[in-house]
>>> print(open('run29.pdb').read())   # PDB, C-alpha atoms and all ligand atoms
ATOM      1  CA  MET A   1       0.000   0.000   0.000
ATOM      2  CA  GLU A   2       1.287   3.505  -0.833
ATOM      3  CA  LEU A   3       2.023   6.133   1.808
ATOM      4  CA  SER A   4       0.240   9.503   1.809
ATOM      5  CA  GLU A   5       2.210  12.246   0.018
ATOM      6  CA  ASN A   6       2.754  14.337   3.164
ATOM      7  CA  LEU A   7       4.834  11.557   4.736
ATOM      8  CA  LEU A   8       7.251  11.421   1.804
ATOM      9  CA  ASN A   9      10.587  12.961   2.820
ATOM     10  CA  ALA A  10       9.241  13.971   6.243
ATOM     11  CA  PHE A  11      11.304  14.272   9.452
ATOM     12  CA  ILE A  12       8.677  13.903  12.160
ATOM     13  CA  CYS A  13       9.176  14.677  15.820
ATOM     14  CA  GLY A  14       7.263  11.832  17.417
ATOM     15  CA  ASP A  15       7.356   8.508  19.207
ATOM     16  CA  CYS A  16       7.862   5.720  16.666
ATOM     17  CA  PHE A  17       5.906   3.358  18.912
ATOM     18  CA  GLU A  18       2.886   5.614  18.324
ATOM     19  CA  GLU A  19       3.678   6.738  14.761
ATOM     20  CA  MET A  20       4.462   3.381  13.137
ATOM     21  CA  PRO A  21       1.060   1.815  13.955
ATOM     22  CA  LYS A  22      -0.533   4.696  11.985
ATOM     23  CA  LEU A  23       1.284   3.606   8.809
ATOM     24  CA  PRO A  24      -0.493   1.262   6.381
ATOM     25  CA  ASP A  25       0.716  -2.320   5.902
ATOM     26  CA  GLU A  26       3.542  -2.871   3.405
ATOM     27  CA  CYS A  27       4.252   0.769   2.584
ATOM     28  CA  VAL A  28       8.072   1.135   2.876
ATOM     29  CA  ASP A  29      10.899  -0.336   0.814
ATOM     30  CA  LEU A  30      13.696  -0.449   3.410
ATOM     31  CA  VAL A  31      14.019  -0.011   7.168
ATOM     32  CA  LEU A  32      17.472   1.220   8.149
ATOM     33  CA  THR A  33      17.859   2.250  11.752
ATOM     34  CA  ASP A  34      20.141   2.689  14.711
ATOM     35  CA  PRO A  35      17.974   2.062  17.771
ATOM     36  CA  PRO A  36      18.887   2.788  21.383
ATOM     37  CA  TYR A  37      21.173  -0.066  22.458
ATOM     38  CA  GLY A  38      19.699  -0.420  25.946
ATOM     39  CA  ILE A  39      22.937   0.635  27.614
ATOM     40  CA  ASP A  40      21.999   4.052  29.006
ATOM     41  CA  TYR A  41      24.630   5.629  26.760
ATOM     42  CA  GLN A  42      26.324   8.904  27.674
ATOM     43  CA  SER A  43      29.078  10.221  25.461
ATOM     44  CA  ASN A  44      32.363  10.727  27.312
ATOM     45  CA  ARG A  45      34.127  12.739  24.683
ATOM     46  CA  ARG A  46      36.641  15.153  26.115
ATOM     47  CA  VAL A  47      36.107  18.424  24.326
ATOM     48  CA  ALA A  48      35.369  21.927  25.459
ATOM     49  CA  ARG A  49      31.664  21.617  24.598
ATOM     50  CA  PRO A  50      29.156  20.130  27.076
ATOM     51  CA  LYS A  51      28.437  16.401  26.862
ATOM     52  CA  LEU A  52      25.927  15.408  24.183
ATOM     53  CA  PRO A  53      22.536  14.563  25.725
ATOM     54  CA  LYS A  54      21.370  11.066  26.641
ATOM     55  CA  PHE A  55      18.394   9.697  24.732
ATOM     56  CA  GLU A  56      15.111   7.895  25.422
ATOM     57  CA  ASN A  57      14.351   4.141  25.582
ATOM     58  CA  ASP A  58      18.013   3.384  26.237
ATOM     59  CA  VAL A  59      17.617   1.735  29.627
ATOM     60  CA  ASP A  60      15.865  -1.530  28.855
ATOM     61  CA  LEU A  61      14.959  -3.374  25.681
ATOM     62  CA  SER A  62      11.493  -4.674  26.552
ATOM     63  CA  TRP A  63      10.111  -2.811  23.513
ATOM     64  CA  VAL A  64      12.170  -4.708  20.925
ATOM     65  CA  ASP A  65       9.783  -7.616  20.177
ATOM     66  CA  GLY A  66       6.716  -5.439  19.549
ATOM     67  CA  TRP A  67       8.729  -2.948  17.517
ATOM     68  CA  VAL A  68      10.266  -5.606  15.220
ATOM     69  CA  GLU A  69       6.752  -6.926  14.534
ATOM     70  CA  GLU A  70       5.751  -3.395  13.408
ATOM     71  CA  VAL A  71       8.837  -3.130  11.200
ATOM     72  CA  TYR A  72       7.821  -6.384   9.532
ATOM     73  CA  ARG A  73       4.242  -5.169   9.014
ATOM     74  CA  VAL A  74       5.159  -1.857   7.354
ATOM     75  CA  LEU A  75       7.825  -3.327   5.057
ATOM     76  CA  LYS A  76       6.713  -4.373   1.595
ATOM     77  CA  PRO A  77       7.354  -8.022   0.656
ATOM     78  CA  ASP A  78      10.828  -8.843  -0.690
ATOM     79  CA  ARG A  79      12.569  -6.015   1.116
ATOM     80  CA  HIS A  80      15.520  -5.570   3.517
ATOM     81  CA  PHE A  81      15.984  -4.456   7.121
ATOM     82  CA  TYR A  82      19.258  -3.146   8.647
ATOM     83  CA  CYS A  83      19.510  -2.665  12.398
ATOM     84  CA  PHE A  84      22.635  -1.355  14.159
ATOM     85  CA  THR A  85      23.525  -3.002  17.447
ATOM     86  CA  ARG A  86      26.398  -3.810  19.800
ATOM     87  CA  PHE A  87      28.102  -7.083  20.714
ATOM     88  CA  ASP A  88      26.410  -7.309  24.144
ATOM     89  CA  MET A  89      22.906  -6.458  22.865
ATOM     90  CA  TYR A  90      23.215  -8.507  19.670
ATOM     91  CA  PRO A  91      21.435 -11.597  21.114
ATOM     92  CA  VAL A  92      18.347  -9.554  22.069
ATOM     93  CA  PHE A  93      18.015  -7.958  18.625
ATOM     94  CA  TYR A  94      18.964 -11.143  16.755
ATOM     95  CA  ARG A  95      16.351 -13.235  18.559
ATOM     96  CA  SER A  96      13.541 -10.751  17.879
ATOM     97  CA  ILE A  97      14.476 -10.048  14.274
ATOM     98  CA  ASN A  98      14.942 -13.730  13.458
ATOM     99  CA  ARG A  99      11.387 -14.483  14.623
ATOM    100  CA  PHE A 100      10.001 -12.521  11.670
ATOM    101  CA  PHE A 101      12.831 -12.064   9.168
ATOM    102  CA  LYS A 102      15.599 -14.196   7.752
ATOM    103  CA  VAL A 103      18.789 -12.801   9.240
ATOM    104  CA  LYS A 104      21.369 -12.905   6.438
ATOM    105  CA  ASN A 105      24.500 -11.363   7.929
ATOM    106  CA  CYS A 106      25.950  -9.651  10.905
ATOM    107  CA  LEU A 107      27.822  -6.816   9.167
ATOM    108  CA  ILE A 108      30.796  -5.387  11.020
ATOM    109  CA  TRP A 109      31.406  -1.664  10.704
ATOM    110  CA  VAL A 110      35.100  -0.972  11.363
ATOM    111  CA  LYS A 111      35.777   2.645  12.310
ATOM    112  CA  ASN A 112      38.964   4.619  11.859
ATOM    113  CA  ASN A 113      39.097   5.322  15.599
ATOM    114  CA  HIS A 114      37.985   3.627  18.783
ATOM    115  CA  GLY A 115      35.865   4.517  21.791
ATOM    116  CA  SER A 116      37.145   4.708  25.357
ATOM    117  CA  GLY A 117      35.295   2.324  27.729
ATOM    118  CA  ASP A 118      37.339   0.190  30.160
ATOM    119  CA  LEU A 119      40.780   1.604  29.390
ATOM    120  CA  ASN A 120      42.910  -1.123  30.969
ATOM    121  CA  GLY A 121      40.545  -4.082  31.236
ATOM    122  CA  ALA A 122      39.054  -4.369  27.735
ATOM    123  CA  TYR A 123      40.132  -4.127  24.118
ATOM    124  CA  ALA A 124      39.500  -0.736  22.551
ATOM    125  CA  PRO A 125      36.099  -0.901  20.800
ATOM    126  CA  GLN A 126      36.547  -0.080  17.117
ATOM    127  CA  CYS A 127      33.559  -1.781  15.537
ATOM    128  CA  GLU A 128      29.785  -1.918  15.634
ATOM    129  CA  MET A 129      27.411  -4.550  14.322
ATOM    130  CA  ILE A 130      24.596  -4.219  11.827
ATOM    131  CA  ILE A 131      22.045  -7.008  11.553
ATOM    132  CA  TYR A 132      21.055  -7.414   7.915
ATOM    133  CA  ALA A 133      17.788  -9.292   7.409
ATOM    134  CA  GLY A 134      15.308  -9.974   4.620
ATOM    135  CA  LYS A 135      11.522 -10.169   4.361
ATOM    136  CA  GLY A 136      11.071 -12.535   1.411
ATOM    137  CA  LYS A 137      13.655 -12.641  -1.342
ATOM    138  CA  ARG A 138      15.438  -9.625  -2.773
ATOM    139  CA  LEU A 139      18.923  -9.517  -4.210
ATOM    140  CA  LEU A 140      21.541  -6.948  -3.293
ATOM    141  CA  ASN A 141      22.489  -4.398  -5.957
ATOM    142  CA  GLY A 142      25.943  -4.248  -7.510
ATOM    143  CA  SER A 143      28.960  -6.442  -6.972
ATOM    144  CA  ARG A 144      29.384  -8.790  -3.990
ATOM    145  CA  GLU A 145      30.753  -6.965  -0.954
ATOM    146  CA  SER A 146      32.450  -8.219   2.185
ATOM    147  CA  ASP A 147      30.489  -8.307   5.438
ATOM    148  CA  VAL A 148      33.208  -6.087   6.935
ATOM    149  CA  LEU A 149      32.568  -2.428   6.116
ATOM    150  CA  HIS A 150      35.305   0.130   6.629
ATOM    151  CA  CYS A 151      34.077   3.681   7.076
ATOM    152  CA  ASP A 152      35.424   6.664   8.986
ATOM    153  CA  ASN A 153      33.366   7.745  11.968
ATOM    154  CA  VAL A 154      31.895  11.258  12.094
ATOM    155  CA  PRO A 155      34.701  13.429  13.541
ATOM    156  CA  SER A 156      33.749  14.160  17.172
ATOM    157  CA  ALA A 157      34.123  17.914  16.741
ATOM    158  CA  PHE A 158      31.331  17.850  14.137
ATOM    159  CA  ARG A 159      29.020  15.404  15.907
ATOM    160  CA  ARG A 160      25.589  16.735  16.811
ATOM    161  CA  HIS A 161      24.388  13.484  18.353
ATOM    162  CA  ALA A 162      26.299  11.183  20.693
ATOM    163  CA  THR A 163      25.835   8.147  18.432
ATOM    164  CA  GLN A 164      25.596   9.859  15.041
ATOM    165  CA  LYS A 165      26.250   7.465  12.165
ATOM    166  CA  PRO A 166      28.291   8.436   9.080
ATOM    167  CA  VAL A 167      26.165   9.314   6.075
ATOM    168  CA  GLU A 168      28.678   7.583   3.798
ATOM    169  CA  LEU A 169      28.104   4.221   5.525
ATOM    170  CA  LEU A 170      24.306   4.571   5.472
ATOM    171  CA  ARG A 171      24.370   5.593   1.819
ATOM    172  CA  GLN A 172      26.218   2.399   0.868
ATOM    173  CA  LEU A 173      23.589   0.236   2.595
ATOM    174  CA  ILE A 174      20.728   2.170   0.979
ATOM    175  CA  GLU A 175      22.231   1.791  -2.483
ATOM    176  CA  LYS A 176      22.740  -1.961  -2.003
ATOM    177  CA  SER A 177      19.115  -2.532  -0.971
ATOM    178  CA  THR A 178      16.881  -0.035  -2.802
ATOM    179  CA  GLU A 179      16.180   1.366  -6.237
ATOM    180  CA  PRO A 180      15.927   5.098  -6.994
ATOM    181  CA  GLY A 181      12.571   6.515  -5.889
ATOM    182  CA  GLU A 182      11.985   3.894  -3.176
ATOM    183  CA  LEU A 183      11.175   4.820   0.414
ATOM    184  CA  VAL A 184      13.486   4.313   3.418
ATOM    185  CA  LEU A 185      12.098   4.398   6.982
ATOM    186  CA  ASP A 186      14.268   5.246  10.010
ATOM    187  CA  PRO A 187      12.144   5.089  13.187
ATOM    188  CA  PHE A 188      15.024   6.203  15.521
ATOM    189  CA  ALA A 189      16.448   8.944  13.330
ATOM    190  CA  GLY A 190      18.592  11.025  15.720
ATOM    191  CA  VAL A 191      19.710  14.071  13.757
ATOM    192  CA  GLY A 192      18.502  12.557  10.467
ATOM    193  CA  SER A 193      21.639  10.930   9.045
ATOM    194  CA  THR A 194      19.541   8.339   7.160
ATOM    195  CA  GLY A 195      17.585  11.125   5.449
ATOM    196  CA  LEU A 196      20.802  12.778   4.343
ATOM    197  CA  ALA A 197      22.058   9.456   3.031
ATOM    198  CA  CYS A 198      18.843   9.105   0.977
ATOM    199  CA  ILE A 199      19.359  12.552  -0.517
ATOM    200  CA  ASP A 200      22.986  11.682  -1.173
ATOM    201  CA  SER A 201      22.333   8.283  -2.748
ATOM    202  CA  ASP A 202      23.490   7.933  -6.320
ATOM    203  CA  ARG A 203      24.195  11.649  -6.628
ATOM    204  CA  PHE A 204      27.807  10.818  -7.332
ATOM    205  CA  HIS A 205      27.156   7.828  -9.533
ATOM    206  CA  GLY A 206      25.739   9.684 -12.461
ATOM    207  CA  ASP A 207      22.003   9.145 -12.509
ATOM    208  CA  HIS A 208      21.038  11.820  -9.957
ATOM    209  CA  HIS A 209      18.218   9.774  -8.451
ATOM    210  CA  GLU A 210      17.506   9.977  -4.761
ATOM    211  CA  ARG A 211      15.678   7.707  -2.382
ATOM    212  CA  ASN A 212      12.726   9.004  -0.386
ATOM    213  CA  TYR A 213      12.802   8.925   3.400
ATOM    214  CA  LEU A 214      10.495   8.948   6.411
ATOM    215  CA  LEU A 215      12.138   9.711   9.762
ATOM    216  CA  PHE A 216      10.780   9.601  13.324
ATOM    217  CA  GLU A 217      12.694  11.035  16.277
ATOM    218  CA  LEU A 218      11.356  11.550  19.781
ATOM    219  CA  ASN A 219      13.718  14.284  20.909
ATOM    220  CA  ARG A 220      12.790  17.703  19.491
ATOM    221  CA  GLU A 221      16.311  19.027  19.968
ATOM    222  CA  PHE A 222      17.694  16.376  17.585
ATOM    223  CA  VAL A 223      14.932  16.982  15.032
ATOM    224  CA  GLU A 224      15.627  20.707  15.054
ATOM    225  CA  LYS A 225      19.368  20.162  14.727
ATOM    226  CA  GLY A 226      18.755  17.789  11.824
ATOM    227  CA  ARG A 227      16.312  20.085  10.048
ATOM    228  CA  ALA A 228      18.417  23.193  10.551
ATOM    229  CA  GLY A 229      21.904  21.943   9.969
ATOM    230  CA  GLY A 230      21.798  19.678   6.962
ATOM    231  CA  LEU A 231      25.106  17.931   6.946
ATOM    232  CA  GLY A 232      27.068  21.061   7.672
ATOM    233  CA  ARG A 233      30.716  20.362   8.166
ATOM    234  CA  GLN A 234      30.304  16.619   7.678
ATOM    235  CA  GLU A 235      29.030  17.216   4.153
ATOM    236  CA  ILE A 236      32.051  19.347   3.314
ATOM    237  CA  LEU A 237      34.360  16.589   4.546
ATOM    238  CA  LEU A 238      32.493  13.891   2.651
ATOM    239  CA  GLU A 239      32.457  15.880  -0.536
ATOM    240  CA  SER A 240      36.158  16.620  -0.423
ATOM    241  CA  ALA A 241      36.864  12.926   0.308
ATOM    242  CA  ARG A 242      34.757  11.928  -2.698
ATOM    243  CA  ILE A 243      36.486  14.367  -5.001
ATOM    244  CA  ALA A 244      39.875  13.147  -3.758
ATOM    245  CA  ARG A 245      38.814   9.543  -4.418
ATOM    246  CA  GLN A 246      37.736  10.375  -7.956
ATOM    247  CA  GLU A 247      40.972  12.201  -8.656
ATOM    248  CA  HIS A 248      43.272   9.666  -7.008
ATOM    249  CA  PRO A 249      41.536   6.300  -7.014
ATOM    250  CA  LYS A 250      43.431   3.888  -4.793
ATOM    251  CA  LYS A 251      42.741   0.876  -2.655
ATOM    252  CA  ARG A 252      41.601   1.362   0.926
ATOM    253  CA  PRO A 253      44.588   1.016   3.253
ATOM    254  CA  ALA A 254      44.818  -2.267   5.128
ATOM    255  CA  LEU A 255      43.763  -2.344   8.755
ATOM    256  CA  ARG A 256      46.571  -1.466  11.128
ATOM    257  CA  THR A 257      46.453  -4.598  13.232
ATOM    258  CA  ASN A 258      49.369  -6.798  14.186
ATOM    259  CA  ARG A 259      48.420  -9.838  12.233
ATOM    260  CA  VAL A 260      49.519 -13.190  13.570
ATOM    261  CA  ARG A 261      50.137 -15.397  10.570
ATOM    262  CA  ALA A 262      49.351 -19.084  10.679
ATOM    263  CA  ARG A 263      52.479 -21.064   9.768
ATOM    264  CA  ARG A 264      51.750 -24.171   7.777
ATOM    265  CA  ASP A 265      55.229 -25.634   8.281
ATOM    266  CA  GLU A 266      54.953 -25.940  12.045
ATOM    267  CA  THR A 267      52.801 -27.917  14.424
ATOM    268  CA  LEU A 268      52.094 -26.951  17.997
ATOM    269  CA  PRO A 269      54.698 -28.348  20.409
ATOM    270  CA  ILE A 270      53.213 -31.140  22.527
ATOM    271  CA  PRO A 271      53.925 -30.530  26.222
ATOM    272  CA  PHE A 272      55.227 -33.559  28.143
TER     273      PHE A 272
HETATM  274  C1  LIG A 301      21.182   5.589  18.525
HETATM  275  S1  LIG A 301      20.315   7.094  18.292
HETATM  276  C2  LIG A 301      20.238   7.307  16.534
HETATM  277  C3  LIG A 301      21.269   8.274  15.987
HETATM  278  C4  LIG A 301      21.183   8.413  14.487
HETATM  279  N1  LIG A 301      21.612   7.218  13.828
HETATM  280  C5  LIG A 301      22.000   9.596  13.953
HETATM  281  O1  LIG A 301      22.912   9.383  13.133
HETATM  282  O2  LIG A 301      21.749  10.721  14.360
HETATM  283  C6  LIG A 301      18.698   6.592  18.723
HETATM  284  C7  LIG A 301      17.680   7.710  18.723
HETATM  285  O3  LIG A 301      16.385   7.179  18.960
HETATM  286  C8  LIG A 301      15.624   8.175  19.623
HETATM  287  N2  LIG A 301      14.455   7.515  20.228
HETATM  288  C9  LIG A 301      14.400   6.776  21.367
HETATM  289  N3  LIG A 301      13.146   6.298  21.537
HETATM  290  C10 LIG A 301      12.417   6.736  20.484
HETATM  291  C11 LIG A 301      11.048   6.556  20.085
HETATM  292  N4  LIG A 301      10.208   5.840  20.823
HETATM  293  N5  LIG A 301      10.642   7.134  18.931
HETATM  294  C12 LIG A 301      11.483   7.857  18.165
HETATM  295  N6  LIG A 301      12.788   8.064  18.498
HETATM  296  C13 LIG A 301      13.241   7.507  19.640
HETATM  297  C14 LIG A 301      16.601   8.776  20.619
HETATM  298  O4  LIG A 301      16.189  10.067  21.014
HETATM  299  C15 LIG A 301      17.893   8.775  19.797
HETATM  300  O5  LIG A 301      18.096  10.017  19.190
END
>>> encode(input="run29.pdb", output="structure tokens")
Amino acid sequence: MELSENLLNAFICGDCFEEMPKLPDECVDLVLTDPPYGIDYQSNRRVARPKLPKFENDVDLSWVDGWVEEVYRVLKPDRHFYCFTRFDMYPVFYRSINRFFKVKNCLIWVKNNHGSGDLNGAYAPQCEMIIYAGKGKRLLNGSRESDVLHCDNVPSAFRRHATQKPVELLRQLIEKSTEPGELVLDPFAGVGSTGLACIDSDRFHGDHHERNYLLFELNREFVEKGRAGGLGRQEILLESARIARQEHPKKRPALRTNRVRARRDETLPIPF
């Protein structure tokens, strides 16, 4: 069923648990979202500006089952669903999503920097997970990609939301899973990064087609920041990176990890 015109490319300040039930069945072509992880997140970044605010529904995850059912209802048949999550909340999201959808991959987003966390007792967190699931059968566009996605994080000085996702990463997922003119829903939109990725999609691949978006965000401050700011500084950075890539195409640098190579000519010593 088609969505009413006034919801096309709308960034609505509202509770997705109230707004999604108002949508007709099977009206969106992709759900791409970054929900609260249920960890009561507070950014710890050390900069002169005040800490970025906490957000709602981040204390427990009792809402996940009912929400995934709504996602399934509003998605058209043969469509995809991407849901960001973290290693410790993955089982909760996986279990719910797998009840309705076929979970196809756990994509790993590798960032160029890492968060802080337990400085001496844990490895520095440099990745996040994205559950990729399907309702029915739909192929991915373009060539076959790895399930490990490398993308720079939004530089902290330009972040307007504590867990803002890079538009470049979202754009890649949108282009893999939708056609120009299709509609992308983000029920937990933050400052609207998914909407910007829809606007951005395919603009630099020649055919100038965008995807449509529908965004819900509970916190008015984030909605206003998103509506007012556009991409701001982040867009300038992305654009200059794109131009540089076009002018000097080169392979992405390898990850800077100390790789331990398996040696085929040796067996493990047997302790006596
Ligand atoms: C992890 S953040 C998303 C950030 C986003 N990806 C971005 O790049 O800006 C989750 C967002 O969901 C919002 N939220 C929490 N409960 C909500 C609800 N019931 N309806 C709509 N938004 C909600 C929070 O305010 C928060 O901004």
>>> residues_near_ligand(input="run29.pdb", ligand="ligand LIG 301 (chain A)", cutoff="9 Å", atoms="all atoms listed in the file", output="PyMOL selection string")
chain A and resi 12-19+33-37+41+54-58+84-85+159-167+186-194+215-220+222-223+226
>>> write_last_selection(input="run29.pdb", atoms="C-alpha atoms", output="short mmCIF file (atom, residue, chain, number, x, y, z; two decimals), keeping the file's coordinate frame")
data_model
loop_
_atom_site.label_atom_id
_atom_site.label_comp_id
_atom_site.auth_asym_id
_atom_site.auth_seq_id
_atom_site.Cartn_x
_atom_site.Cartn_y
_atom_site.Cartn_z
CA ILE A 12 8.68 13.90 12.16
CA CYS A 13 9.18 14.68 15.82
CA GLY A 14 7.26 11.83 17.42
CA ASP A 15 7.36 8.51 19.21
CA CYS A 16 7.86 5.72 16.67
CA PHE A 17 5.91 3.36 18.91
CA GLU A 18 2.89 5.61 18.32
CA GLU A 19 3.68 6.74 14.76
CA THR A 33 17.86 2.25 11.75
CA ASP A 34 20.14 2.69 14.71
CA PRO A 35 17.97 2.06 17.77
CA PRO A 36 18.89 2.79 21.38
CA TYR A 37 21.17 -0.07 22.46
CA TYR A 41 24.63 5.63 26.76
CA LYS A 54 21.37 11.07 26.64
CA PHE A 55 18.39 9.70 24.73
CA GLU A 56 15.11 7.90 25.42
CA ASN A 57 14.35 4.14 25.58
CA ASP A 58 18.01 3.38 26.24
CA PHE A 84 22.64 -1.36 14.16
CA THR A 85 23.52 -3.00 17.45
CA ARG A 159 29.02 15.40 15.91
CA ARG A 160 25.59 16.74 16.81
CA HIS A 161 24.39 13.48 18.35
CA ALA A 162 26.30 11.18 20.69
CA THR A 163 25.84 8.15 18.43
CA GLN A 164 25.60 9.86 15.04
CA LYS A 165 26.25 7.46 12.16
CA PRO A 166 28.29 8.44 9.08
CA VAL A 167 26.16 9.31 6.08
CA ASP A 186 14.27 5.25 10.01
CA PRO A 187 12.14 5.09 13.19
CA PHE A 188 15.02 6.20 15.52
CA ALA A 189 16.45 8.94 13.33
CA GLY A 190 18.59 11.02 15.72
CA VAL A 191 19.71 14.07 13.76
CA GLY A 192 18.50 12.56 10.47
CA SER A 193 21.64 10.93 9.04
CA THR A 194 19.54 8.34 7.16
CA LEU A 215 12.14 9.71 9.76
CA PHE A 216 10.78 9.60 13.32
CA GLU A 217 12.69 11.04 16.28
CA LEU A 218 11.36 11.55 19.78
CA ASN A 219 13.72 14.28 20.91
CA ARG A 220 12.79 17.70 19.49
CA PHE A 222 17.69 16.38 17.58
CA VAL A 223 14.93 16.98 15.03
CA GLY A 226 18.76 17.79 11.82
#
>>> closest_residue(input="run29.pdb", among="A:Phe100, A:Tyr82, A:Phe158, A:Tyr213", to="Leu183 (chain A)", atoms="all atoms listed in the file")
A:Tyr213
>>> resolve_selection(input="run29.pdb", expression="the PyMOL selection byres (((chain A and resi 108) around 9) and not hetatm)", output="PyMOL selection string")
chain A and resi 106-107+109-110+127-131+147-150
>>> resolve_selection(input="run29.pdb", expression="the PyMOL selection byres (((chain A and resi 173) around 12) and not hetatm)", output="CSV table (one decimal) with C-alpha atoms, in the frame of the given file")
chain,number,residue,atom,x,y,z
A,30,LEU,CA,13.7,-0.4,3.4
A,31,VAL,CA,14.0,0.0,7.2
A,32,LEU,CA,17.5,1.2,8.1
A,33,THR,CA,17.9,2.2,11.8
A,80,HIS,CA,15.5,-5.6,3.5
A,81,PHE,CA,16.0,-4.5,7.1
A,82,TYR,CA,19.3,-3.1,8.6
A,83,CYS,CA,19.5,-2.7,12.4
A,84,PHE,CA,22.6,-1.4,14.2
A,107,LEU,CA,27.8,-6.8,9.2
A,109,TRP,CA,31.4,-1.7,10.7
A,130,ILE,CA,24.6,-4.2,11.8
A,131,ILE,CA,22.0,-7.0,11.6
A,132,TYR,CA,21.1,-7.4,7.9
A,140,LEU,CA,21.5,-6.9,-3.3
A,141,ASN,CA,22.5,-4.4,-6.0
A,142,GLY,CA,25.9,-4.2,-7.5
A,145,GLU,CA,30.8,-7.0,-1.0
A,147,ASP,CA,30.5,-8.3,5.4
A,149,LEU,CA,32.6,-2.4,6.1
A,151,CYS,CA,34.1,3.7,7.1
A,166,PRO,CA,28.3,8.4,9.1
A,167,VAL,CA,26.2,9.3,6.1
A,168,GLU,CA,28.7,7.6,3.8
A,169,LEU,CA,28.1,4.2,5.5
A,170,LEU,CA,24.3,4.6,5.5
A,171,ARG,CA,24.4,5.6,1.8
A,172,GLN,CA,26.2,2.4,0.9
A,174,ILE,CA,20.7,2.2,1.0
A,175,GLU,CA,22.2,1.8,-2.5
A,176,LYS,CA,22.7,-2.0,-2.0
A,177,SER,CA,19.1,-2.5,-1.0
A,178,THR,CA,16.9,0.0,-2.8
A,179,GLU,CA,16.2,1.4,-6.2
A,184,VAL,CA,13.5,4.3,3.4
A,194,THR,CA,19.5,8.3,7.2
A,197,ALA,CA,22.1,9.5,3.0
A,198,CYS,CA,18.8,9.1,1.0
A,201,SER,CA,22.3,8.3,-2.7
A,202,ASP,CA,23.5,7.9,-6.3
A,211,ARG,CA,15.7,7.7,-2.4
>>> atom_distance(input="run29.pdb", atom1="CA of Asn112 (chain A)", atom2="CA of Val92 (chain A)")
27.0 Å
>>> atom_distance(input="run29.pdb", atom1="CA of Arg95 (chain A)", atom2="CA of Arg73 (chain A)")
17.4 Å
>>> atom_distance(input="run29.pdb", atom1="CA of Asp60 (chain A)", atom2="CA of Met20 (chain A)")
20.0 Å
>>> closest_residue(input="run29.pdb", among="A:Trp63, A:Tyr72, A:Tyr94, A:Phe87", to="Gly136 (chain A)", atoms="all atoms listed in the file")
A:Tyr72
>>> closest_residue(input="run29.pdb", among="A:Leu214, A:Met89, A:Ala122, A:Leu23", to="Val74 (chain A)", atoms="only C-alpha atoms")
A:Leu23
>>> closest_residue(input="run29.pdb", among="A:Ser143, A:Ser96, A:Ser156, A:Gln126", to="Asn113 (chain A)", atoms="all atoms listed in the file")
A:Gln126
>>> residues_near_point(input="run29.pdb", point="(10.5, 9.8, -7.2)", cutoff="9 Å", atoms="only C-alpha atoms", output="mmCIF file with C-alpha atoms, keeping the file's coordinate frame")
data_model
loop_
_atom_site.group_PDB
_atom_site.id
_atom_site.type_symbol
_atom_site.label_atom_id
_atom_site.label_comp_id
_atom_site.auth_asym_id
_atom_site.auth_seq_id
_atom_site.Cartn_x
_atom_site.Cartn_y
_atom_site.Cartn_z
ATOM 1 C CA PRO A 180 15.927 5.098 -6.994
ATOM 2 C CA GLY A 181 12.571 6.515 -5.889
ATOM 3 C CA GLU A 182 11.985 3.894 -3.176
ATOM 4 C CA HIS A 209 18.218 9.774 -8.451
ATOM 5 C CA GLU A 210 17.506 9.977 -4.761
ATOM 6 C CA ARG A 211 15.678 7.707 -2.382
ATOM 7 C CA ASN A 212 12.726 9.004 -0.386
#
>>> closest_residue(input="run29.pdb", among="A:Pro125, A:Gly134, A:Gly117, A:Pro91", to="Val71 (chain A)", atoms="all atoms listed in the file")
A:Gly134
>>> closest_residue(input="run29.pdb", among="A:Ala124, A:Glu5, A:Asp25, A:Ala133", to="Asn105 (chain A)", atoms="all atoms listed in the file")
A:Ala133
